Amino acid sequence: MSFTTCLIVMLGGALGTLARYLIALIALPVSQNLPWGTIGINIAGSFIIGLFGTLTLAHGRHPVSENLRLFVMIGICGGFTTFSSFSLQTLDLLRNGAIIRAAINVVASVVLCVSAVALGHLIAAQFNEGAREIAQIQIEEEG
């Protein structure tokens with residue numbers, strides 16, 4: 001780990017966080033009953049990490065530097081996706097007695113996000129010689 005790598009991850013995180021904030025603002029009008037902004041952000045982030053992680057593996061057709069992978073997978077995706085917001089919104093729904101909506105939020109988020117990361121991986125694998133991996137170093141799985 002170098003200071004430069006830390007700065008790269010930090011910049012990616014800042015960009016991901018800004019994108020999350022802007023998308024959440026745009027989604028406010030449709031997020032009255034369920035936090036659709038958070039659900040959409042998590043689906044998009046899951047797709048991006050699945051697609052980029054598989055497409056840019058070091059031994060594949062489209063390799064990129066480790067720093068670029070960390071920038072996107074840890075920085076951008078880590079700052080963009082919103083598990084803590086998802087958890088808070090789910091608790092808020094439960095505390096307000098909206099048990100069905102809380103359950104829909106949990107199931108929709110988990111099923112759609114895992115599906116999105118799988119779809120991103122499958123698409124990228126087609127362009128990357130059938131790659132089976134997404135992460136190539138353990139820290140990438142923390143994105």
# chains A, B, ... in the order shown; residues from 1 in each chain; ligands from 1
>>> residues_around(residues="Val9 in chain A", least_positions_apart="4", cutoff="8 Å", atoms="only C-alpha atoms", output="list in words")
Thr5, Gly13, Leu70, Phe71, Val72, Ile74, Gly75 and Ile76 of chain A
>>> write_last_selection(atoms="N, CA and C atoms", output="compact mmCIF listing (two decimals), in the first residue's frame")
# COMPACT_ATOMS: atom_id res chain seq x y z
N THR A 5 -1.63 5.07 -3.88
CA THR A 5 -2.76 4.16 -3.96
C THR A 5 -3.89 4.62 -3.05
N GLY A 13 -13.61 7.01 -4.18
CA GLY A 13 -14.67 7.04 -3.18
C GLY A 13 -15.43 8.35 -3.20
N LEU A 70 -8.48 -0.72 -8.26
CA LEU A 70 -8.79 -0.26 -6.91
C LEU A 70 -9.61 1.02 -6.95
N PHE A 71 -9.30 1.92 -7.88
CA PHE A 71 -10.03 3.17 -8.05
C PHE A 71 -11.52 2.89 -8.31
N VAL A 72 -11.79 1.96 -9.22
CA VAL A 72 -13.17 1.67 -9.58
C VAL A 72 -13.84 0.76 -8.56
N ILE A 74 -12.93 -0.46 -5.38
CA ILE A 74 -12.95 -0.09 -3.97
C ILE A 74 -13.41 1.36 -3.82
N GLY A 75 -12.83 2.25 -4.61
CA GLY A 75 -13.17 3.67 -4.51
C GLY A 75 -14.57 3.98 -4.99
N ILE A 76 -14.78 3.93 -6.29
CA ILE A 76 -16.08 4.33 -6.85
C ILE A 76 -17.21 3.43 -6.34
>>> select_by_dssp(residues="chain A", states="alpha helix (DSSP H)", output="ChimeraX atom specification")
/A:3-27,36-55,66-70,77-80,83-95,99-127
>>> write_last_selection(atoms="C-alpha atoms", output="JSON list (two decimals), in the first residue's frame")
[["chain", "number", "residue", "atom", "x", "y", "z"],
["A", 3, "PHE", "CA", 0.29, 6.90, -0.37],
["A", 4, "THR", "CA", -0.52, 7.23, -4.08],
["A", 5, "THR", "CA", -2.76, 4.16, -3.96],
["A", 6, "CYS", "CA", -4.57, 5.60, -0.94],
["A", 7, "LEU", "CA", -5.16, 8.85, -2.81],
["A", 8, "ILE", "CA", -6.46, 6.95, -5.85],
["A", 9, "VAL", "CA", -8.94, 4.98, -3.72],
["A", 10, "MET", "CA", -9.96, 8.16, -1.87],
["A", 11, "LEU", "CA", -10.64, 10.02, -5.14],
["A", 12, "GLY", "CA", -12.72, 7.10, -6.43],
["A", 13, "GLY", "CA", -14.67, 7.04, -3.18],
["A", 14, "ALA", "CA", -15.37, 10.76, -3.42],
["A", 15, "LEU", "CA", -16.66, 10.38, -6.99],
["A", 16, "GLY", "CA", -18.81, 7.40, -6.03],
["A", 17, "THR", "CA", -20.23, 9.24, -3.04],
["A", 18, "LEU", "CA", -21.09, 12.30, -5.12],
["A", 19, "ALA", "CA", -22.78, 10.12, -7.74],
["A", 20, "ARG", "CA", -24.77, 8.36, -5.01],
["A", 21, "TYR", "CA", -25.91, 11.67, -3.55],
["A", 22, "LEU", "CA", -26.99, 13.07, -6.91],
["A", 23, "ILE", "CA", -28.88, 9.93, -7.92],
["A", 24, "ALA", "CA", -30.58, 9.75, -4.52],
["A", 25, "LEU", "CA", -31.75, 13.36, -4.96],
["A", 26, "ILE", "CA", -33.09, 12.64, -8.43],
["A", 27, "ALA", "CA", -34.92, 9.54, -7.14],
["A", 36, "TRP", "CA", -35.89, 3.18, -4.87],
["A", 37, "GLY", "CA", -32.85, 5.45, -5.18],
["A", 38, "THR", "CA", -30.85, 3.22, -2.83],
["A", 39, "ILE", "CA", -32.09, 0.05, -4.51],
["A", 40, "GLY", "CA", -31.16, 1.40, -7.97],
["A", 41, "ILE", "CA", -27.76, 2.62, -6.77],
["A", 42, "ASN", "CA", -26.96, -0.78, -5.27],
["A", 43, "ILE", "CA", -28.07, -2.59, -8.44],
["A", 44, "ALA", "CA", -25.95, -0.29, -10.62],
["A", 45, "GLY", "CA", -22.93, -0.61, -8.33],
["A", 46, "SER", "CA", -23.29, -4.39, -8.28],
["A", 47, "PHE", "CA", -23.44, -4.49, -12.07],
["A", 48, "ILE", "CA", -20.42, -2.19, -12.40],
["A", 49, "ILE", "CA", -18.24, -4.20, -10.01],
["A", 50, "GLY", "CA", -19.21, -7.47, -11.73],
["A", 51, "LEU", "CA", -18.58, -6.08, -15.21],
["A", 52, "PHE", "CA", -15.39, -4.12, -14.50],
["A", 53, "GLY", "CA", -13.89, -6.74, -12.18],
["A", 54, "THR", "CA", -14.25, -9.51, -14.75],
["A", 55, "LEU", "CA", -13.43, -7.44, -17.81],
["A", 66, "GLU", "CA", -4.06, -2.54, -10.12],
["A", 67, "ASN", "CA", -4.52, 1.13, -9.19],
["A", 68, "LEU", "CA", -7.29, 1.57, -11.75],
["A", 69, "ARG", "CA", -9.04, -1.56, -10.48],
["A", 70, "LEU", "CA", -8.79, -0.26, -6.91],
["A", 77, "CYS", "CA", -18.15, 1.22, -6.07],
["A", 78, "GLY", "CA", -17.40, 1.45, -2.35],
["A", 79, "GLY", "CA", -18.43, 5.10, -2.22],
["A", 80, "PHE", "CA", -21.37, 4.59, -4.58],
["A", 83, "PHE", "CA", -25.43, -0.89, 2.29],
["A", 84, "SER", "CA", -25.43, 1.32, 5.39],
["A", 85, "SER", "CA", -28.21, 3.46, 3.89],
["A", 86, "PHE", "CA", -30.09, 0.31, 2.91],
["A", 87, "SER", "CA", -29.82, -0.98, 6.48],
["A", 88, "LEU", "CA", -30.99, 2.31, 8.00],
["A", 89, "GLN", "CA", -33.92, 2.59, 5.59],
["A", 90, "THR", "CA", -34.95, -1.01, 6.28],
["A", 91, "LEU", "CA", -34.85, -0.41, 10.03],
["A", 92, "ASP", "CA", -36.88, 2.77, 9.57],
["A", 93, "LEU", "CA", -39.52, 0.85, 7.59],
["A", 94, "LEU", "CA", -39.67, -1.80, 10.33],
["A", 95, "ARG", "CA", -39.91, 0.78, 13.11],
["A", 99, "ILE", "CA", -43.02, -4.92, 7.65],
["A", 100, "ILE", "CA", -44.08, -5.92, 4.12],
["A", 101, "ARG", "CA", -42.28, -2.95, 2.55],
["A", 102, "ALA", "CA", -39.18, -3.69, 4.65],
["A", 103, "ALA", "CA", -39.25, -7.30, 3.44],
["A", 104, "ILE", "CA", -39.68, -6.16, -0.18],
["A", 105, "ASN", "CA", -36.71, -3.80, 0.28],
["A", 106, "VAL", "CA", -34.50, -6.60, 1.63],
["A", 107, "VAL", "CA", -35.51, -9.22, -0.94],
["A", 108, "ALA", "CA", -35.46, -6.81, -3.89],
["A", 109, "SER", "CA", -32.08, -5.38, -2.91],
["A", 110, "VAL", "CA", -30.38, -8.71, -2.32],
["A", 111, "VAL", "CA", -31.88, -10.59, -5.28],
["A", 112, "LEU", "CA", -31.51, -7.73, -7.76],
["A", 113, "CYS", "CA", -27.98, -6.80, -6.65],
["A", 114, "VAL", "CA", -26.67, -10.37, -6.75],
["A", 115, "SER", "CA", -28.37, -10.75, -10.15],
["A", 116, "ALA", "CA", -26.77, -7.50, -11.34],
["A", 117, "VAL", "CA", -23.26, -8.55, -10.31],
["A", 118, "ALA", "CA", -23.83, -11.93, -12.01],
["A", 119, "LEU", "CA", -25.10, -10.22, -15.19],
["A", 120, "GLY", "CA", -22.14, -7.84, -15.23],
["A", 121, "HIS", "CA", -19.78, -10.79, -14.78],
["A", 122, "LEU", "CA", -21.45, -12.83, -17.55],
["A", 123, "ILE", "CA", -21.30, -9.94, -20.02],
["A", 124, "ALA", "CA", -17.66, -9.20, -19.24],
["A", 125, "ALA", "CA", -16.72, -12.89, -19.36],
["A", 126, "GLN", "CA", -17.93, -12.97, -22.97],
["A", 127, "PHE", "CA", -15.39, -10.26, -23.78]]
>>> atom_distance(atom1="CA of Asn33 in chain A", atom2="CA of Gly97 in chain A")
12.5 Å
>>> atom_distance(atom1="CA of Gln136 in chain A", atom2="CA of Ala58 in chain A")
7.8 Å
>>> atom_distance(atom1="CA of Asn96 in chain A", atom2="CA of Pro35 in chain A")
14.1 Å
